[in-house]
>>> print(open('entry25.cif').read())   # mmCIF, C-alpha atoms
data_structure
loop_
_atom_site.label_atom_id
_atom_site.label_comp_id
_atom_site.auth_asym_id
_atom_site.auth_seq_id
_atom_site.Cartn_x
_atom_site.Cartn_y
_atom_site.Cartn_z
CA MET A 1 -2.42 -10.16 18.48
CA GLU A 2 0.96 -11.81 19.02
CA ASP A 3 2.13 -12.08 15.44
CA ASP A 4 0.94 -8.61 14.43
CA PHE A 5 3.48 -6.28 12.86
CA VAL A 6 3.70 -3.08 10.85
CA ILE A 7 3.93 -3.90 7.15
CA ASP A 8 4.84 -0.41 6.00
CA GLN A 9 5.04 3.08 7.45
CA ALA A 10 5.53 6.36 5.61
CA SER A 11 8.41 7.54 7.81
CA TRP A 12 10.44 4.46 6.89
CA HIS A 13 10.64 5.96 3.39
CA THR A 14 10.64 9.70 4.06
CA LYS A 15 13.46 9.42 6.63
CA LYS A 16 15.54 6.94 4.61
CA GLN A 17 18.90 8.24 3.44
CA ARG A 18 19.33 7.94 -0.31
CA ASN A 19 21.91 8.89 -2.87
CA TYR A 20 19.13 10.66 -4.80
CA GLU A 21 16.38 13.12 -3.98
CA LEU A 22 12.89 11.75 -3.39
CA ASP A 23 10.09 14.16 -2.58
CA SER A 24 8.13 12.96 0.48
CA SER A 25 4.89 13.85 -1.33
CA ILE A 26 5.51 10.83 -3.60
CA ILE A 27 5.57 8.61 -0.51
CA TYR A 28 2.47 10.25 0.95
CA ASN A 29 0.62 9.94 -2.37
CA TYR A 30 1.35 6.24 -2.76
CA PHE A 31 0.34 5.57 0.84
CA LYS A 32 -2.97 7.32 0.16
CA GLY A 33 -3.30 5.30 -3.03
CA ILE A 34 -2.64 1.87 -1.51
CA ILE A 35 -4.81 2.50 1.54
CA ASN A 36 -7.68 3.74 -0.66
CA TYR A 37 -7.32 0.65 -2.83
CA LEU A 38 -7.31 -1.73 0.12
CA GLN A 39 -10.31 -0.09 1.72
CA GLU A 40 -12.35 0.20 -1.50
CA ASN A 41 -11.78 -3.48 -2.25
CA LYS A 42 -12.77 -4.61 1.26
CA LEU A 43 -9.25 -5.83 2.02
CA THR A 44 -9.01 -4.14 5.41
CA THR A 45 -10.41 -5.09 8.80
CA ARG A 46 -10.89 -1.45 9.80
CA ILE A 47 -10.75 2.02 8.31
CA ILE A 48 -7.06 2.85 8.20
CA LEU A 49 -7.44 6.30 6.70
CA TYR A 50 -10.58 8.37 6.18
CA ASP A 51 -10.95 10.23 2.87
CA VAL A 52 -10.46 13.61 4.54
CA GLU A 53 -7.33 12.54 6.43
CA LYS A 54 -3.90 13.42 5.16
CA VAL A 55 -1.04 10.96 5.10
CA ASP A 56 1.93 11.87 7.29
CA ASP A 57 5.03 10.12 8.65
CA ASP A 58 2.93 8.25 11.22
CA THR A 59 0.67 6.68 8.58
CA HIS A 60 1.12 2.93 8.51
CA PHE A 61 -0.71 -0.33 8.08
CA LYS A 62 -0.27 -3.55 10.00
CA LYS A 63 -0.95 -7.19 9.35
CA SER A 64 -4.02 -7.01 11.61
CA ASP A 65 -5.41 -4.17 9.45
CA LEU A 66 -5.72 -6.54 6.48
CA THR A 67 -7.99 -9.42 5.59
CA GLU A 68 -6.39 -12.67 4.41
CA GLU A 69 -6.86 -11.53 0.80
CA GLY A 70 -5.40 -8.13 1.66
CA LEU A 71 -2.28 -9.67 3.16
CA GLU A 72 -1.90 -11.99 0.18
CA LEU A 73 -2.19 -9.02 -2.19
CA ILE A 74 0.51 -7.14 -0.29
CA LYS A 75 2.81 -10.17 -0.46
CA LYS A 76 2.22 -10.72 -4.19
CA ALA A 77 2.02 -7.23 -5.66
CA TYR A 78 2.78 -4.37 -3.26
CA GLY A 79 6.52 -4.18 -3.96
CA LYS A 80 6.01 -4.27 -7.71
CA TRP A 81 3.31 -1.57 -7.51
CA VAL A 82 5.49 0.68 -5.30
CA ASP A 83 8.40 0.28 -7.72
CA ALA A 84 6.13 1.30 -10.60
CA VAL A 85 4.97 4.40 -8.70
CA VAL A 86 8.37 5.49 -7.37
CA ASP A 87 10.79 4.34 -10.05
CA LYS A 88 8.65 4.46 -13.18
CA LYS A 89 6.63 7.52 -12.07
CA LYS A 90 3.27 5.78 -12.48
CA SER A 91 0.26 7.36 -10.80
CA PRO A 92 -0.41 6.03 -7.29
CA TYR A 93 -3.97 5.59 -8.54
CA ASP A 94 -2.93 3.36 -11.44
CA TYR A 95 -4.06 0.08 -9.97
CA LYS A 96 -3.46 -2.26 -12.92
CA ILE A 97 -0.77 -4.25 -11.09
CA LEU A 98 -2.91 -4.55 -7.97
CA ASP A 99 -6.07 -5.36 -9.95
CA LYS A 100 -4.33 -8.16 -11.84
CA ALA A 101 -2.95 -9.71 -8.64
CA LEU A 102 -6.27 -9.37 -6.81
CA SER A 103 -8.10 -11.00 -9.69
CA LYS A 104 -5.75 -14.01 -9.50
CA ILE A 105 -6.26 -14.21 -5.72
CA ARG A 106 -10.04 -14.07 -6.00
CA ASN A 107 -10.28 -16.27 -9.13
CA PRO A 108 -7.34 -18.69 -8.97
CA LEU A 109 -8.70 -20.94 -11.73
CA LYS A 110 -8.97 -18.21 -14.36
#
>>> encode(input="entry25.cif", output="C-alpha cells")
Amino acid sequence: MEDDFVIDQASWHTKKQRNYELDSSIIYNYFKGIINYLQENKLTTRIILYDVEKVDDDTHFKKSDLTEEGLELIKKAYGKWVDAVVDKKKSPYDYKILDKALSKIRNPLK
C-alpha cells in the first residue's frame, strides 16, 4: 500500500526527551487501551495485538490497520483521548471521549 504509514508507535513516546518524568508504563497502558478499543469496536482490518500480548516499544498501528471509521476516529479523537490519559491521569480504559466521537461518526445526524 503506497500511502500506508505508521500512525503511532510506543517508542516514539518512551524514547522522547522531556523536561519531566513520564513512566513508560503509562505509554504502554494507553497503547493497550487504544488497540483494545479499536479491535473491540471492529475498527481494525487485522488483529494488531492479542489479549495475551504485552505492549513494548515496537508496538504500533498503521493506517492500513484501520478501517475508514477507525482512521476517522483517530483523526477526530485520538489526540484528545491521549491528552486525557497522559496529562489528566484518566484511565486508558476510560473511553468516553472515543465513544462520543465514534457515535458521531456512526450516527452523523444525531
>>> resolve_selection(input="entry25.cif", expression="the PyMOL selection byres ((chain A and resi 38-46) around 6)", output="ChimeraX atom specification")
/A:35-37,47-48,65-67,70
>>> write_last_selection(input="entry25.cif", atoms="C-alpha atoms", output="compact mmCIF listing (two decimals), in the frame of the given file")
# COMPACT_ATOMS: atom_id res chain seq x y z
CA ILE A 35 -4.81 2.50 1.54
CA ASN A 36 -7.68 3.74 -0.66
CA TYR A 37 -7.32 0.65 -2.83
CA ILE A 47 -10.75 2.02 8.31
CA ILE A 48 -7.06 2.85 8.20
CA ASP A 65 -5.41 -4.17 9.45
CA LEU A 66 -5.72 -6.54 6.48
CA THR A 67 -7.99 -9.42 5.59
CA GLY A 70 -5.40 -8.13 1.66
>>> residues_near_point(input="entry25.cif", point="(5.8, 14.0, 5.8)", cutoff="7 Å", atoms="all atoms listed in the file", output="ChimeraX atom specification")
/A:14,24,28,56-57
>>> atom_distance(input="entry25.cif", atom1="CA of Asp83 in chain A", atom2="CA of Ile26 in chain A")
11.7 Å
>>> atom_distance(input="entry25.cif", atom1="CA of Leu102 in chain A", atom2="CA of Val86 in chain A")
20.9 Å
>>> residues_near_point(input="entry25.cif", point="(-3.5, 9.9, -3.0)", cutoff="12 Å", atoms="only C-alpha atoms", output="PDB file with C-alpha atoms, in the frame of the given file")
ATOM      1  CA  SER A  25       4.890  13.850  -1.330  1.00  0.00           C
ATOM      2  CA  ILE A  26       5.510  10.830  -3.600  1.00  0.00           C
ATOM      3  CA  ILE A  27       5.570   8.610  -0.510  1.00  0.00           C
ATOM      4  CA  TYR A  28       2.470  10.250   0.950  1.00  0.00           C
ATOM      5  CA  ASN A  29       0.620   9.940  -2.370  1.00  0.00           C
ATOM      6  CA  TYR A  30       1.350   6.240  -2.760  1.00  0.00           C
ATOM      7  CA  PHE A  31       0.340   5.570   0.840  1.00  0.00           C
ATOM      8  CA  LYS A  32      -2.970   7.320   0.160  1.00  0.00           C
ATOM      9  CA  GLY A  33      -3.300   5.300  -3.030  1.00  0.00           C
ATOM     10  CA  ILE A  34      -2.640   1.870  -1.510  1.00  0.00           C
ATOM     11  CA  ILE A  35      -4.810   2.500   1.540  1.00  0.00           C
ATOM     12  CA  ASN A  36      -7.680   3.740  -0.660  1.00  0.00           C
ATOM     13  CA  TYR A  37      -7.320   0.650  -2.830  1.00  0.00           C
ATOM     14  CA  LEU A  49      -7.440   6.300   6.700  1.00  0.00           C
ATOM     15  CA  TYR A  50     -10.580   8.370   6.180  1.00  0.00           C
ATOM     16  CA  ASP A  51     -10.950  10.230   2.870  1.00  0.00           C
ATOM     17  CA  VAL A  52     -10.460  13.610   4.540  1.00  0.00           C
ATOM     18  CA  GLU A  53      -7.330  12.540   6.430  1.00  0.00           C
ATOM     19  CA  LYS A  54      -3.900  13.420   5.160  1.00  0.00           C
ATOM     20  CA  VAL A  55      -1.040  10.960   5.100  1.00  0.00           C
ATOM     21  CA  ASP A  56       1.930  11.870   7.290  1.00  0.00           C
ATOM     22  CA  VAL A  85       4.970   4.400  -8.700  1.00  0.00           C
ATOM     23  CA  SER A  91       0.260   7.360 -10.800  1.00  0.00           C
ATOM     24  CA  PRO A  92      -0.410   6.030  -7.290  1.00  0.00           C
ATOM     25  CA  TYR A  93      -3.970   5.590  -8.540  1.00  0.00           C
ATOM     26  CA  ASP A  94      -2.930   3.360 -11.440  1.00  0.00           C
TER      27      ASP A  94
END
>>> closest_residue(input="entry25.cif", among="A:Lys63, A:Lys100, A:Leu73, A:Asp23", to="Ile7 in chain A", atoms="all atoms listed in the file")
A:Lys63
>>> atom_distance(input="entry25.cif", atom1="CA of Phe5 in chain A", atom2="CA of Asp99 in chain A")
24.7 Å
>>> closest_residue(input="entry25.cif", among="A:Gln9, A:Glu72, A:Lys62, A:Lys16", to="Arg106 in chain A", atoms="all atoms listed in the file")
A:Glu72
>>> decode(input="entry25.cif", residues="range 9-59 of chain A", atoms="C-alpha atoms", output="PDB file, in the first residue's frame")
ATOM      1  CA  GLN A   9       4.397   3.795  17.866  1.00  0.00           C
ATOM      2  CA  ALA A  10       5.159   3.324  21.546  1.00  0.00           C
ATOM      3  CA  SER A  11       8.887   4.036  21.196  1.00  0.00           C
ATOM      4  CA  TRP A  12       8.140   7.491  19.781  1.00  0.00           C
ATOM      5  CA  HIS A  13       6.870   8.360  23.261  1.00  0.00           C
ATOM      6  CA  THR A  14       9.064   6.241  25.534  1.00  0.00           C
ATOM      7  CA  LYS A  15      12.280   7.473  23.870  1.00  0.00           C
ATOM      8  CA  LYS A  16      11.191  11.123  23.635  1.00  0.00           C
ATOM      9  CA  GLN A  17      13.239  13.551  25.710  1.00  0.00           C
ATOM     10  CA  ARG A  18      11.094  15.579  28.080  1.00  0.00           C
ATOM     11  CA  ASN A  19      11.634  18.151  30.762  1.00  0.00           C
ATOM     12  CA  TYR A  20       9.549  15.960  33.082  1.00  0.00           C
ATOM     13  CA  GLU A  21       9.477  12.298  34.051  1.00  0.00           C
ATOM     14  CA  LEU A  22       6.961  10.051  32.307  1.00  0.00           C
ATOM     15  CA  ASP A  23       6.825   6.388  33.233  1.00  0.00           C
ATOM     16  CA  SER A  24       6.862   4.208  30.093  1.00  0.00           C
ATOM     17  CA  SER A  25       4.136   2.040  31.651  1.00  0.00           C
ATOM     18  CA  ILE A  26       1.711   4.940  31.050  1.00  0.00           C
ATOM     19  CA  ILE A  27       2.555   4.796  27.346  1.00  0.00           C
ATOM     20  CA  TYR A  28       2.254   1.007  27.237  1.00  0.00           C
ATOM     21  CA  ASN A  29      -1.081   1.118  29.080  1.00  0.00           C
ATOM     22  CA  TYR A  30      -2.623   3.652  26.731  1.00  0.00           C
ATOM     23  CA  PHE A  31      -1.405   1.718  23.697  1.00  0.00           C
ATOM     24  CA  LYS A  32      -3.075  -1.400  25.106  1.00  0.00           C
ATOM     25  CA  GLY A  33      -6.193   0.669  25.769  1.00  0.00           C
ATOM     26  CA  ILE A  34      -6.491   2.224  22.301  1.00  0.00           C
ATOM     27  CA  ILE A  35      -5.721  -1.016  20.485  1.00  0.00           C
ATOM     28  CA  ASN A  36      -8.283  -2.902  22.590  1.00  0.00           C
ATOM     29  CA  TYR A  37     -10.854  -0.214  21.852  1.00  0.00           C
ATOM     30  CA  LEU A  38     -10.195  -0.257  18.116  1.00  0.00           C
ATOM     31  CA  GLN A  39     -10.348  -4.034  17.929  1.00  0.00           C
ATOM     32  CA  GLU A  40     -13.453  -4.399  20.125  1.00  0.00           C
ATOM     33  CA  ASN A  41     -15.308  -1.849  18.007  1.00  0.00           C
ATOM     34  CA  LYS A  42     -14.350  -3.511  14.712  1.00  0.00           C
ATOM     35  CA  LEU A  43     -12.246  -0.525  13.652  1.00  0.00           C
ATOM     36  CA  THR A  44      -9.220  -2.584  12.606  1.00  0.00           C
ATOM     37  CA  THR A  45      -8.509  -4.588   9.478  1.00  0.00           C
ATOM     38  CA  ARG A  46      -6.469  -7.154  11.398  1.00  0.00           C
ATOM     39  CA  ILE A  47      -5.621  -8.135  14.952  1.00  0.00           C
ATOM     40  CA  ILE A  48      -2.941  -5.670  15.996  1.00  0.00           C
ATOM     41  CA  LEU A  49      -2.443  -7.039  19.484  1.00  0.00           C
ATOM     42  CA  TYR A  50      -3.765 -10.238  21.031  1.00  0.00           C
ATOM     43  CA  ASP A  51      -5.112 -10.060  24.598  1.00  0.00           C
ATOM     44  CA  VAL A  52      -2.170 -12.035  25.972  1.00  0.00           C
ATOM     45  CA  GLU A  53       0.445  -9.899  24.218  1.00  0.00           C
ATOM     46  CA  LYS A  54       2.284  -7.175  26.066  1.00  0.00           C
ATOM     47  CA  VAL A  55       2.883  -3.753  24.594  1.00  0.00           C
ATOM     48  CA  ASP A  56       6.534  -2.832  24.059  1.00  0.00           C
ATOM     49  CA  ASP A  57       8.482  -0.165  22.172  1.00  0.00           C
ATOM     50  CA  ASP A  58       7.817  -1.917  18.859  1.00  0.00           C
ATOM     51  CA  THR A  59       4.028  -1.787  19.288  1.00  0.00           C
TER      52      THR A  59
END
